[in-house]
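Undergrad: run.cif is reproduced below (mmCIF, C-alpha atoms).
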```cif
data_target
#
loop_
_atom_site.group_PDB
_atom_site.id
_atom_site.type_symbol
_atom_site.label_atom_id
_atom_site.label_comp_id
_atom_site.auth_asym_id
_atom_site.auth_seq_id
_atom_site.Cartn_x
_atom_site.Cartn_y
_atom_site.Cartn_z
ATOM 1 C CA MET H 28 109.355 109.019 -11.169
ATOM 2 C CA SER H 29 109.762 109.820 -14.843
ATOM 3 C CA THR H 30 106.656 111.482 -16.255
ATOM 4 C CA ALA H 31 105.593 109.969 -19.583
ATOM 5 C CA ALA H 32 102.377 111.997 -19.832
ATOM 6 C CA THR H 33 99.940 114.025 -17.757
ATOM 7 C CA LEU H 34 96.260 113.228 -17.274
ATOM 8 C CA HIS H 35 94.243 116.438 -17.106
ATOM 9 C CA ILE H 36 90.775 116.492 -15.508
ATOM 10 C CA ASP H 37 88.436 119.317 -16.535
ATOM 11 C CA TRP H 38 85.983 119.366 -13.644
ATOM 12 C CA THR H 39 83.793 121.913 -15.452
ATOM 13 C CA ARG H 40 82.902 119.163 -17.967
ATOM 14 C CA CYS H 41 82.783 116.241 -15.532
ATOM 15 C CA GLN H 42 79.413 114.874 -14.411
ATOM 16 C CA ALA H 43 80.857 112.343 -11.935
ATOM 17 C CA ARG H 44 79.769 109.247 -13.867
ATOM 18 C CA GLY H 45 82.718 107.285 -12.450
ATOM 19 C CA ALA H 46 84.054 105.485 -15.524
ATOM 20 C CA CYS H 47 87.500 107.040 -15.111
ATOM 21 C CA ILE H 48 87.586 106.114 -11.435
ATOM 22 C CA GLU H 49 86.854 102.493 -12.312
ATOM 23 C CA LEU H 50 89.426 102.402 -15.117
ATOM 24 C CA LEU H 51 92.139 104.176 -13.179
ATOM 25 C CA ALA H 52 91.705 102.698 -9.708
ATOM 26 C CA PRO H 53 93.592 103.125 -7.448
ATOM 27 C CA MET H 54 95.111 106.176 -9.204
ATOM 28 C CA LEU H 55 91.783 108.032 -8.935
ATOM 29 C CA VAL H 56 89.296 107.980 -6.086
ATOM 30 C CA ALA H 57 85.873 109.596 -5.796
ATOM 31 C CA ASP H 58 85.295 112.678 -3.702
ATOM 32 C CA PRO H 59 82.075 112.790 -1.617
ATOM 33 C CA ASP H 60 80.104 113.934 -4.695
ATOM 34 C CA GLY H 61 81.572 111.274 -7.006
ATOM 35 C CA PHE H 62 84.066 113.497 -8.839
ATOM 36 C CA PRO H 63 87.542 112.065 -9.522
ATOM 37 C CA LEU H 64 90.449 112.988 -7.296
ATOM 38 C CA ALA H 65 94.045 111.985 -7.765
ATOM 39 C CA HIS H 66 94.864 109.544 -5.002
ATOM 40 C CA ALA H 67 98.266 110.047 -3.329
ATOM 41 C CA HIS H 68 99.009 113.315 -5.148
ATOM 42 C CA PRO H 69 99.330 116.757 -3.558
ATOM 43 C CA PRO H 70 96.489 119.274 -4.112
ATOM 44 C CA ALA H 71 98.463 121.063 -6.861
ATOM 45 C CA GLU H 72 98.349 117.853 -8.930
ATOM 46 C CA ARG H 73 94.653 117.064 -8.457
ATOM 47 C CA THR H 74 93.686 118.233 -11.957
ATOM 48 C CA SER H 75 96.960 117.477 -13.777
ATOM 49 C CA ILE H 76 98.229 114.065 -12.740
ATOM 50 C CA PRO H 77 101.721 112.953 -13.791
ATOM 51 C CA LEU H 78 101.731 109.443 -15.270
ATOM 52 C CA THR H 79 104.422 106.828 -15.700
ATOM 53 C CA ALA H 80 104.742 104.968 -18.994
ATOM 54 C CA ALA H 81 102.985 101.968 -17.414
ATOM 55 C CA GLU H 82 99.943 104.121 -16.500
ATOM 56 C CA VAL H 83 99.506 105.703 -19.954
ATOM 57 C CA PRO H 84 97.535 102.850 -21.641
ATOM 58 C CA ALA H 85 94.840 102.827 -18.938
ATOM 59 C CA ALA H 86 94.697 106.627 -18.995
ATOM 60 C CA ARG H 87 94.303 106.552 -22.784
ATOM 61 C CA ASP H 88 91.324 104.193 -22.374
ATOM 62 C CA ALA H 89 89.753 106.455 -19.746
ATOM 63 C CA VAL H 90 90.142 109.501 -22.009
ATOM 64 C CA ALA H 91 88.526 107.650 -24.919
ATOM 65 C CA LEU H 92 85.588 106.454 -22.788
ATOM 66 C CA CYS H 93 84.798 109.702 -20.964
ATOM 67 C CA PRO H 94 81.295 110.650 -22.136
ATOM 68 C CA ARG H 95 81.755 114.328 -21.249
ATOM 69 C CA LEU H 96 85.280 114.756 -22.710
ATOM 70 C CA ALA H 97 86.466 115.827 -19.264
ATOM 71 C CA LEU H 98 89.792 114.002 -19.559
ATOM 72 C CA SER H 99 92.754 114.727 -21.776
ATOM 73 C CA LEU H 100 96.200 113.195 -22.064
ATOM 74 C CA LEU H 101 99.109 115.581 -22.462
ATOM 75 C CA ARG H 102 102.590 114.529 -23.499
ATOM 76 C CA PRO H 103 105.631 116.245 -21.927
ATOM 77 C CA GLY H 104 106.290 119.576 -23.549
ATOM 78 C CA SER H 105 102.754 120.010 -24.881
#
```
For this file, write the structure as structure tokens.
TA:
Amino acid sequence: MSTAATLHIDWTRCQARGACIELLAPMLVADPDGFPLAHAHPPAERTSIPLTAAEVPAARDAVALCPRLALSLLRPGS
């Protein structure tokens, strides 16, 4: 998989509202408390999720709609 960007989740800001989980399903799933987890990624990638070019537009929408600014989109090399 070629990584076009990385979605970073700052759980210290997150309040588990679920908008990102809805926008990025099935990439993200809710943990038992409603916080986003990267589905099908190893634990080391649970807060920094590599994205393909096809996943970037939906991730960009999720970042823009996060009410707590808990998501950020990082380009390779940044």
Undergrad: Translate the PyMOL selection byres ((chain H and resi 94-103) around 7) into a concrete residue list for this structure, as an MDAnalysis selection string.
TA: chainID H and resid 31:38 40:41 87 90 92:93 104:105
Undergrad: Kindly save the residues from that selection, with C-alpha atoms included, as a short mmCIF file (atom, residue, chain, number, x, y, z; two decimals), keeping the file's coordinate frame.
TA:
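Generated output (result-v8.cif):
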```
data_model
loop_
_atom_site.label_atom_id
_atom_site.label_comp_id
_atom_site.auth_asym_id
_atom_site.auth_seq_id
_atom_site.Cartn_x
_atom_site.Cartn_y
_atom_site.Cartn_z
CA ALA H 31 105.59 109.97 -19.58
CA ALA H 32 102.38 112.00 -19.83
CA THR H 33 99.94 114.02 -17.76
CA LEU H 34 96.26 113.23 -17.27
CA HIS H 35 94.24 116.44 -17.11
CA ILE H 36 90.78 116.49 -15.51
CA ASP H 37 88.44 119.32 -16.54
CA TRP H 38 85.98 119.37 -13.64
CA ARG H 40 82.90 119.16 -17.97
CA CYS H 41 82.78 116.24 -15.53
CA ARG H 87 94.30 106.55 -22.78
CA VAL H 90 90.14 109.50 -22.01
CA LEU H 92 85.59 106.45 -22.79
CA CYS H 93 84.80 109.70 -20.96
CA GLY H 104 106.29 119.58 -23.55
CA SER H 105 102.75 120.01 -24.88
#
```
Undergrad: Please expand the PyMOL selection byres ((chain H and resi 48) around 12) into the concrete residues it hits in this file, giving the result as a PDB file with C-alpha atoms, in the coordinates of the input.
TA:
```pdb
ATOM      1  CA  ILE H  36      90.775 116.492 -15.508  1.00  0.00           C
ATOM      2  CA  CYS H  41      82.783 116.241 -15.532  1.00  0.00           C
ATOM      3  CA  ALA H  43      80.857 112.343 -11.935  1.00  0.00           C
ATOM      4  CA  ARG H  44      79.769 109.247 -13.867  1.00  0.00           C
ATOM      5  CA  GLY H  45      82.718 107.285 -12.450  1.00  0.00           C
ATOM      6  CA  ALA H  46      84.054 105.485 -15.524  1.00  0.00           C
ATOM      7  CA  CYS H  47      87.500 107.040 -15.111  1.00  0.00           C
ATOM      8  CA  GLU H  49      86.854 102.493 -12.312  1.00  0.00           C
ATOM      9  CA  LEU H  50      89.426 102.402 -15.117  1.00  0.00           C
ATOM     10  CA  LEU H  51      92.139 104.176 -13.179  1.00  0.00           C
ATOM     11  CA  ALA H  52      91.705 102.698  -9.708  1.00  0.00           C
ATOM     12  CA  PRO H  53      93.592 103.125  -7.448  1.00  0.00           C
ATOM     13  CA  MET H  54      95.111 106.176  -9.204  1.00  0.00           C
ATOM     14  CA  LEU H  55      91.783 108.032  -8.935  1.00  0.00           C
ATOM     15  CA  VAL H  56      89.296 107.980  -6.086  1.00  0.00           C
ATOM     16  CA  ALA H  57      85.873 109.596  -5.796  1.00  0.00           C
ATOM     17  CA  ASP H  58      85.295 112.678  -3.702  1.00  0.00           C
ATOM     18  CA  GLY H  61      81.572 111.274  -7.006  1.00  0.00           C
ATOM     19  CA  PHE H  62      84.066 113.497  -8.839  1.00  0.00           C
ATOM     20  CA  PRO H  63      87.542 112.065  -9.522  1.00  0.00           C
ATOM     21  CA  LEU H  64      90.449 112.988  -7.296  1.00  0.00           C
ATOM     22  CA  ALA H  65      94.045 111.985  -7.765  1.00  0.00           C
ATOM     23  CA  HIS H  66      94.864 109.544  -5.002  1.00  0.00           C
ATOM     24  CA  ALA H  85      94.840 102.827 -18.938  1.00  0.00           C
ATOM     25  CA  ALA H  86      94.697 106.627 -18.995  1.00  0.00           C
ATOM     26  CA  ASP H  88      91.324 104.193 -22.374  1.00  0.00           C
ATOM     27  CA  ALA H  89      89.753 106.455 -19.746  1.00  0.00           C
ATOM     28  CA  VAL H  90      90.142 109.501 -22.009  1.00  0.00           C
ATOM     29  CA  LEU H  92      85.588 106.454 -22.788  1.00  0.00           C
ATOM     30  CA  CYS H  93      84.798 109.702 -20.964  1.00  0.00           C
ATOM     31  CA  LEU H  98      89.792 114.002 -19.559  1.00  0.00           C
TER      32      LEU H  98
END
```
Undergrad: I'd like the interatomic distance between atom CA of H:Ala80 and atom CA of H:Thr30, to a tenth of an Å.
TA: 7.3 Å
Undergrad: Expressed in Å to a single decimal, how great is the separation between atom CA of H:Ala91 and atom CA of H:Thr74?
TA: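 Interatomic distance, atom CA of H:Ala91 to atom CA of H:Thr74: 17.5 Å.
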Undergrad: Let me know the centre plus edge lengths, in Å and rounded to one decimal, of a box with edges along x, y and z that contains all listed atoms of stretch 57-65 of chain H and is padded by 4 Å on every side, as lines of an AutoDock Vina configuration file.
TA:
```
center_x = 87.1
center_y = 111.8
center_z = -5.6
size_x = 21.9
size_y = 12.3
size_z = 15.9
```
